[in-house]
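Novice: This is the content of coords-v6.cif (mmCIF, C-alpha atoms):
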data_start
loop_
_atom_site.label_atom_id
_atom_site.label_comp_id
_atom_site.auth_asym_id
_atom_site.auth_seq_id
_atom_site.Cartn_x
_atom_site.Cartn_y
_atom_site.Cartn_z
CA MET A 1 -1.15 13.68 -31.55
CA GLY A 2 2.37 12.73 -30.51
CA ASP A 3 5.08 11.15 -32.51
CA PHE A 4 7.46 8.27 -32.22
CA HIS A 5 9.80 10.20 -29.98
CA SER A 6 7.13 10.53 -27.33
CA TYR A 7 7.12 6.76 -26.97
CA GLU A 8 10.36 5.45 -25.57
CA ALA A 9 11.03 2.00 -26.92
CA VAL A 10 10.92 -0.70 -24.30
CA PRO A 11 12.74 -4.02 -24.63
CA ALA A 12 10.50 -6.85 -25.75
CA ALA A 13 9.07 -9.24 -23.19
CA ALA A 14 10.66 -11.99 -25.23
CA GLY A 15 9.34 -15.37 -24.31
CA ALA A 16 6.24 -14.12 -22.49
CA GLY A 17 4.00 -17.10 -22.05
CA LYS A 18 6.85 -19.55 -22.50
CA ALA A 19 6.70 -22.77 -20.53
CA SER A 20 7.94 -22.98 -16.94
CA MET A 21 11.37 -21.65 -16.09
CA ASP A 22 14.10 -22.43 -13.63
CA ALA A 23 15.28 -20.05 -10.89
CA SER A 24 17.92 -18.30 -12.96
CA GLU A 25 15.53 -17.69 -15.82
CA ARG A 26 12.93 -16.44 -13.37
CA ALA A 27 15.43 -14.03 -11.88
CA ARG A 28 16.30 -12.91 -15.39
CA TRP A 29 12.72 -12.19 -16.43
CA ARG A 30 12.02 -10.44 -13.15
CA ARG A 31 15.04 -8.20 -13.72
CA ASP A 32 13.92 -7.53 -17.30
CA ALA A 33 10.38 -6.82 -16.17
CA LEU A 34 11.58 -4.31 -13.60
CA GLU A 35 13.71 -2.63 -16.23
CA LYS A 36 10.75 -2.46 -18.56
CA LEU A 37 8.60 -1.04 -15.78
CA ARG A 38 11.18 1.66 -15.18
CA ARG A 39 11.02 2.61 -18.84
CA LEU A 40 7.23 2.57 -18.86
CA ALA A 41 7.32 4.98 -15.93
CA ALA A 42 9.12 7.46 -18.19
CA LEU A 43 6.49 7.41 -20.95
CA GLU A 44 5.28 10.85 -21.87
CA PRO A 45 1.63 11.84 -22.23
CA ASN A 46 0.04 10.60 -25.46
CA TRP A 47 2.50 7.71 -25.74
CA ASP A 48 -0.06 5.67 -27.67
CA SER A 49 -0.88 8.53 -30.12
CA TYR A 50 -4.48 8.45 -28.82
CA GLY A 51 -4.14 10.59 -25.69
CA ALA A 52 -2.82 8.06 -23.16
CA CYS A 53 -1.87 9.23 -19.68
CA PRO A 54 1.64 8.77 -18.24
CA ILE A 55 2.09 5.75 -16.00
CA SER A 56 1.35 6.68 -12.40
CA GLY A 57 4.19 6.48 -9.89
CA ALA A 58 1.84 4.78 -7.42
CA VAL A 59 1.09 2.13 -10.03
CA VAL A 60 4.80 1.52 -10.60
CA MET A 61 5.38 0.89 -6.91
CA VAL A 62 2.52 -1.60 -6.72
CA VAL A 63 3.67 -3.43 -9.83
CA GLU A 64 7.21 -3.69 -8.44
CA ASP A 65 5.79 -5.56 -5.48
CA LEU A 66 3.47 -7.57 -7.70
CA LEU A 67 6.40 -8.84 -9.75
CA ASP A 68 7.83 -10.33 -6.54
CA VAL A 69 4.52 -12.04 -5.84
CA VAL A 70 4.12 -13.57 -9.31
CA ALA A 71 7.73 -14.77 -9.48
CA LEU A 72 6.76 -18.14 -8.03
CA PRO A 73 9.06 -21.11 -8.63
CA LYS A 74 8.66 -22.20 -12.26
CA ALA A 75 6.48 -19.19 -12.95
CA PRO A 76 6.30 -18.19 -16.62
CA GLU A 77 7.28 -14.75 -17.78
CA PRO A 78 4.56 -12.10 -17.99
CA ALA A 79 4.19 -9.43 -20.63
CA VAL A 80 4.32 -6.02 -18.92
CA VAL A 81 1.81 -3.80 -20.69
CA PRO A 82 0.94 -0.11 -20.21
CA THR A 83 -2.72 0.89 -20.25
CA PRO A 84 -3.99 4.17 -21.70
CA GLU A 85 -5.32 5.46 -18.40
CA GLY A 86 -1.87 5.24 -16.82
CA GLY A 87 -1.94 1.74 -15.38
CA VAL A 88 0.05 -1.40 -16.02
CA GLN A 89 -1.14 -4.93 -16.56
CA LEU A 90 0.74 -8.20 -16.47
CA GLU A 91 -0.42 -10.70 -19.07
CA TRP A 92 0.08 -14.39 -19.70
CA HIS A 93 -1.31 -16.29 -22.67
CA ILE A 94 -0.46 -19.91 -22.12
CA ARG A 95 -2.08 -23.09 -23.43
CA GLY A 96 -5.69 -22.05 -23.34
CA LEU A 97 -5.26 -19.78 -20.35
CA ASP A 98 -5.39 -16.00 -20.67
CA LEU A 99 -4.62 -14.10 -17.48
CA GLU A 100 -4.49 -10.34 -17.03
CA VAL A 101 -3.63 -8.67 -13.74
CA GLU A 102 -4.10 -4.92 -13.94
CA VAL A 103 -3.03 -2.22 -11.54
CA ALA A 104 -5.16 0.82 -12.36
CA PRO A 105 -4.21 4.32 -11.22
CA SER A 106 -7.67 4.78 -9.76
CA ALA A 107 -7.41 1.71 -7.52
CA THR A 108 -3.84 0.82 -6.68
CA GLY A 109 -4.92 -1.03 -3.55
CA THR A 110 -6.48 -3.85 -5.53
CA LEU A 111 -5.63 -6.03 -8.49
CA LEU A 112 -8.08 -6.33 -11.37
CA VAL A 113 -7.75 -10.00 -12.21
CA SER A 114 -9.24 -11.46 -15.37
CA LEU A 115 -8.84 -15.14 -16.18
CA ASP A 116 -10.17 -16.99 -19.22
CA ASP A 117 -9.45 -20.70 -19.05
CA GLU A 118 -10.46 -22.24 -22.33
CA TRP A 119 -9.63 -25.78 -21.24
CA ALA A 120 -11.66 -25.54 -18.02
CA ARG A 121 -14.33 -23.35 -19.70
CA GLU A 122 -14.05 -20.91 -16.82
CA THR A 123 -13.96 -17.13 -16.62
CA VAL A 124 -13.01 -15.11 -13.56
CA ASP A 125 -13.20 -11.32 -13.28
CA GLU A 126 -12.44 -10.14 -9.78
CA SER A 127 -11.00 -7.22 -7.92
CA LEU A 128 -8.64 -8.86 -5.45
CA LEU A 129 -6.22 -7.82 -2.77
CA PRO A 130 -2.63 -8.80 -3.62
CA GLY A 131 -2.57 -11.28 -0.72
CA ALA A 132 -5.90 -12.89 -1.51
CA ALA A 133 -5.97 -16.68 -1.47
CA MET A 134 -7.85 -16.70 -4.76
CA PHE A 135 -5.05 -14.76 -6.42
CA TYR A 136 -2.45 -17.32 -5.34
CA GLU A 137 -4.76 -20.09 -6.50
CA ILE A 138 -4.90 -18.50 -9.94
CA LEU A 139 -1.11 -18.10 -10.01
CA ARG A 140 -0.67 -21.78 -9.11
CA ARG A 141 -3.02 -22.71 -11.92
CA LEU A 142 -0.92 -20.60 -14.27
CA VAL A 143 2.28 -22.36 -13.23
CA ALA A 144 0.64 -25.78 -13.52
CA ARG A 145 -0.70 -24.96 -16.96
CA SER A 146 2.70 -23.82 -18.15
CA GLU A 147 4.02 -27.29 -17.36
CA MET A 148 1.20 -29.23 -18.97
CA ARG A 149 0.99 -30.65 -22.45
CA GLU A 150 -1.82 -29.82 -24.85
CA PRO A 151 -4.93 -31.92 -24.07
CA MET B 1 -15.70 14.06 -30.25
CA SER B 2 -18.64 11.71 -30.00
CA CYS B 3 -21.08 9.77 -32.15
CA GLY B 4 -23.92 10.92 -29.95
CA GLY B 5 -25.09 7.32 -29.89
CA ARG B 6 -25.82 7.36 -33.63
CA ASP B 7 -24.36 4.56 -35.72
CA ASP B 8 -23.27 5.58 -39.22
CA GLN B 9 -24.91 3.03 -41.46
CA THR B 10 -22.85 4.17 -44.43
CA ILE B 11 -20.01 2.31 -42.73
CA ALA B 12 -20.62 -1.27 -43.79
CA ASN B 13 -20.27 -4.19 -41.42
CA ASP B 14 -17.35 -5.54 -43.40
CA ASP B 15 -15.52 -2.22 -43.45
CA PRO B 16 -12.15 -2.48 -41.71
CA LEU B 17 -11.36 -0.27 -38.72
CA TRP B 18 -7.66 0.18 -38.09
CA ARG B 19 -6.13 0.89 -34.70
CA ARG B 20 -2.48 1.82 -34.17
CA LEU B 21 -0.50 -0.38 -31.79
CA ILE B 22 2.50 0.55 -29.70
CA PRO B 23 5.16 -2.19 -29.56
CA ASP B 24 4.28 -3.09 -25.96
CA TRP B 25 0.74 -4.01 -26.96
CA VAL B 26 1.97 -7.01 -28.93
CA SER B 27 3.77 -9.88 -27.22
CA PRO B 28 4.72 -13.39 -28.28
CA GLY B 29 2.28 -16.04 -27.10
CA ALA B 30 3.15 -19.56 -26.00
CA ASP B 31 2.99 -20.80 -29.59
CA GLY B 32 5.17 -17.95 -30.80
CA GLN B 33 2.27 -16.19 -32.50
CA PRO B 34 1.83 -12.50 -31.66
CA VAL B 35 -0.85 -11.69 -29.08
CA ILE B 36 -2.48 -8.26 -29.09
CA SER B 37 -3.23 -6.87 -25.64
CA SER B 38 -6.72 -5.89 -24.56
CA ALA B 39 -5.10 -2.60 -23.47
CA ALA B 40 -5.10 -1.59 -27.14
CA PHE B 41 -8.89 -1.38 -27.32
CA GLN B 42 -9.97 1.17 -24.79
CA ASN B 43 -11.76 4.49 -24.96
CA SER B 44 -9.58 7.55 -24.47
CA PRO B 45 -8.73 8.53 -20.90
CA ASP B 46 -10.56 11.84 -21.43
CA GLY B 47 -13.77 9.91 -21.95
CA SER B 48 -13.96 10.27 -25.71
CA PRO B 49 -14.63 7.15 -27.78
CA MET B 50 -11.92 4.90 -29.14
CA SER B 51 -10.26 6.35 -32.23
CA VAL B 52 -9.79 4.27 -35.37
CA THR B 53 -9.01 4.85 -39.01
CA LEU B 54 -11.51 3.79 -41.66
CA GLY B 55 -9.48 1.42 -43.78
CA ARG B 56 -11.73 1.86 -46.83
CA ASP B 57 -11.13 5.62 -46.82
CA CYS B 58 -7.48 5.57 -45.84
CA GLN B 59 -6.41 2.61 -48.00
CA SER B 60 -2.77 2.76 -46.93
CA HIS B 61 -1.31 1.17 -43.83
CA GLU B 62 1.60 3.57 -44.00
CA ARG B 63 -0.74 6.55 -44.09
CA ALA B 64 -2.66 5.26 -41.08
CA ILE B 65 0.55 4.87 -39.10
CA GLY B 66 1.70 8.24 -40.34
CA ARG B 67 4.52 9.77 -38.37
CA HIS B 68 4.20 7.26 -35.55
CA LEU B 69 7.21 5.27 -36.65
CA GLY B 70 7.54 1.83 -35.14
CA TYR B 71 3.85 1.48 -34.40
CA GLY B 72 1.86 -1.45 -35.70
CA LEU B 73 -1.67 -1.65 -37.02
CA ALA B 74 -4.56 -3.92 -36.05
CA SER B 75 -7.80 -4.36 -37.94
CA LEU B 76 -11.34 -5.02 -36.73
CA THR B 77 -14.53 -4.91 -38.76
CA ALA B 78 -17.36 -2.50 -38.06
CA GLY B 79 -19.74 -5.45 -37.80
CA LEU B 80 -17.63 -7.06 -35.12
CA VAL B 81 -17.53 -3.99 -32.91
CA ARG B 82 -21.27 -3.43 -33.43
CA GLY B 83 -21.75 -6.95 -32.14
CA HIS B 84 -20.28 -5.74 -28.85
CA ARG B 85 -22.78 -2.89 -28.40
CA GLN B 86 -20.61 -0.26 -30.02
CA VAL B 87 -21.59 2.36 -32.57
CA VAL B 88 -19.28 3.61 -35.30
CA CYS B 89 -19.20 7.07 -36.83
CA ARG B 90 -16.95 9.22 -38.95
CA ASP B 91 -14.94 11.94 -37.23
CA PRO B 92 -12.65 13.44 -39.87
CA GLN B 93 -9.73 15.43 -38.52
CA PRO B 94 -7.51 17.94 -40.34
CA GLU B 95 -4.57 15.53 -40.19
CA ASP B 96 -6.65 12.36 -40.64
CA ALA B 97 -9.65 12.54 -42.95
CA ALA B 98 -10.38 8.85 -42.37
CA HIS B 99 -10.59 9.21 -38.59
CA ALA B 100 -13.59 7.50 -36.99
CA LEU B 101 -14.87 6.69 -33.52
CA VAL B 102 -16.02 3.48 -31.86
CA GLU B 103 -18.39 4.59 -29.12
CA GLY B 104 -19.70 2.49 -26.29
CA ASP B 105 -18.72 1.06 -22.94
CA LYS B 106 -15.73 -1.22 -23.13
CA PRO B 107 -15.58 -3.38 -20.04
CA ARG B 108 -12.72 -5.85 -19.91
CA SER B 109 -14.81 -8.58 -21.53
CA VAL B 110 -15.33 -6.39 -24.60
CA ARG B 111 -11.71 -5.25 -24.71
CA LYS B 112 -10.55 -8.86 -24.60
CA ALA B 113 -13.04 -9.89 -27.28
CA LEU B 114 -11.84 -7.11 -29.56
CA ALA B 115 -8.21 -8.04 -28.92
CA ARG B 116 -8.88 -11.70 -29.78
CA ALA B 117 -10.72 -10.79 -32.96
CA ALA B 118 -8.24 -8.19 -34.16
CA VAL B 119 -6.04 -9.01 -37.11
CA LEU B 120 -2.46 -7.82 -36.96
CA LEU B 121 -1.93 -5.98 -40.25
CA VAL B 122 1.44 -4.44 -39.43
CA ALA B 123 3.60 -5.74 -36.59
CA PRO B 124 5.10 -2.97 -34.47
CA THR B 125 8.83 -2.64 -34.69
CA ARG B 126 11.29 -1.39 -32.18
CA PRO B 127 13.93 1.11 -33.15
CA PRO B 128 17.53 0.53 -32.15
CA GLN B 129 18.12 1.26 -28.49
CA ALA B 130 20.01 4.42 -27.69
#
Spit out the file's structure as structure tokens when you get a sec.
Specialist:
Amino acid sequence: MGDFHSYEAVPAAAGAGKASMDASERARWRRDALEKLRRLAALEPNWDSYGACPISGAVVMVVEDLLDVVALPKAPEPAVVPTPEGGVQLEWHIRGLDLEVEVAPSATGTLLVSLDDEWARETVDESLLPGAAMFYEILRRLVARSEMREP
Amino acid sequence: MSCGGRDDQTIANDDPLWRRLIPDWVSPGADGQPVISSAAFQNSPDGSPMSVTLGRDCQSHERAIGRHLGYGLASLTAGLVRGHRQVVCRDPQPEDAAHALVEGDKPRSVRKALARAAVLLVAPTRPPQA
């Protein structure tokens, strides 16, 4: 088992899931997310105290590109979350919509996309290429939802 | 470390199972309430089952967190995890007599269900930045 010092503290993704943002805020969260990603890349083995693997360098490169893709105009801020097997997932939890986009070290060529839309009563679990039309469709739904009021 | 597929029935359905949380596994949701990530509820990368602490045996949040300063603590019940095709068994360790395992496949749907059902007992805290 490791200890606290094996887990480098990472700045909070403050405001993750907050409603839509303007360009300067988007640039700010993208910068913060990249900084957080850099820190996650430095995590040592067993950073979760349960035997987690370090974050893979290949994963970091893919997530850097992914952050550019998800930084659509008015896009809400994601939480940047390490996974025990050495991957990273971006998460949004906004107004009945839970979206996870995971980059796993075993499959950096694809995105593991999981959407639960409580309002639309829809669930999507797909392995998608970063440029897939369906992925952009989901991102547009995320942006639209962030601008909507509660039903 | 394995349950061998055998569920320990001496662990009651309403017994709490505690799981330590790193700060990055808890983020603020749209309503400001903390959201626990599904990444917190995964089997170990080496293939062994997910480790938890039996709350009834441990009794102290501080003891469960131990030397992992800044970590939080989430709670599930044994009955809830059993409802997701998991088995629970004791796995006492020299440094953690209340250690237990939650064995079973955890596809994303199960991880998300566990994350939604988990109760945040202790919010993780972040130490001052160097």
Novice: Find the residues around Ser51 in chain B up to 8 Å (all atoms listed in the file counted), leave out those fewer than 3 positions away in its own chain, and share them as a list in words.
Specialist: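 Once the adjacent positions are removed, what remains is Tyr50 of chain A; Arg19, Asn43, Ser44, His99, Ala100, Leu101 and Val102 of chain B.
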Novice: List, as a ChimeraX atom specification, every residue that the PyMOL selection byres ((chain A and resi 94) around 7) selects in the file provided.
Specialist: /A:17,92-93,95-98,146 /B:29-30
Novice: What does the structure give for the distance between CA of Ser48 in chain B and CA of Glu103 in chain B, in Å to one decimal?
Specialist: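 Here the two named atoms are 8.0 Å from each other.
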Novice: Restricting the calculation to all atoms listed in the file: of B:Gln86, B:Ser109, B:Gln93, B:Ser2, which residue gets closest to Pro49 in chain B?
Specialist: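 So, comparing all the options, the nearest one is B:Ser2.
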Novice: Do me a favour and pick out the residues of chain B within 7 Å of chain A, using all atoms listed in the file, as a ChimeraX atom specification.
Specialist: /B:22,24-25,27-30,39,44-45,67-69,126-127
Novice: Do you have the CA of Val62 in chain A-CA of Ile36 in chain B distance handy?
Specialist: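 One can read the CA of Val62 in chain A to CA of Ile36 in chain B distance as 23.9 Å.
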Novice: Could you jot down the CA of Trp29 in chain A to CA of Ala104 in chain A separation for me, Å, one decimal place?
Specialist: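 For CA of Trp29 in chain A relative to CA of Ala104 in chain A, the distance reads 22.5 Å.
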Novice: Show which residues sit within 12 Å of Tyr136 in chain A, as a list of chain:residue names. Count only C-alpha atoms, and ignore same-chain residues fewer than 3 positions away.
Specialist: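 Non-adjacent residues within range: A:Leu66, A:Val69, A:Val70, A:Ala71, A:Leu72, A:Ala75, A:Val113, A:Leu128, A:Leu129, A:Pro130, A:Gly131, A:Ala132, A:Ala133, A:Leu139, A:Arg140, A:Arg141, A:Leu142, A:Val143.
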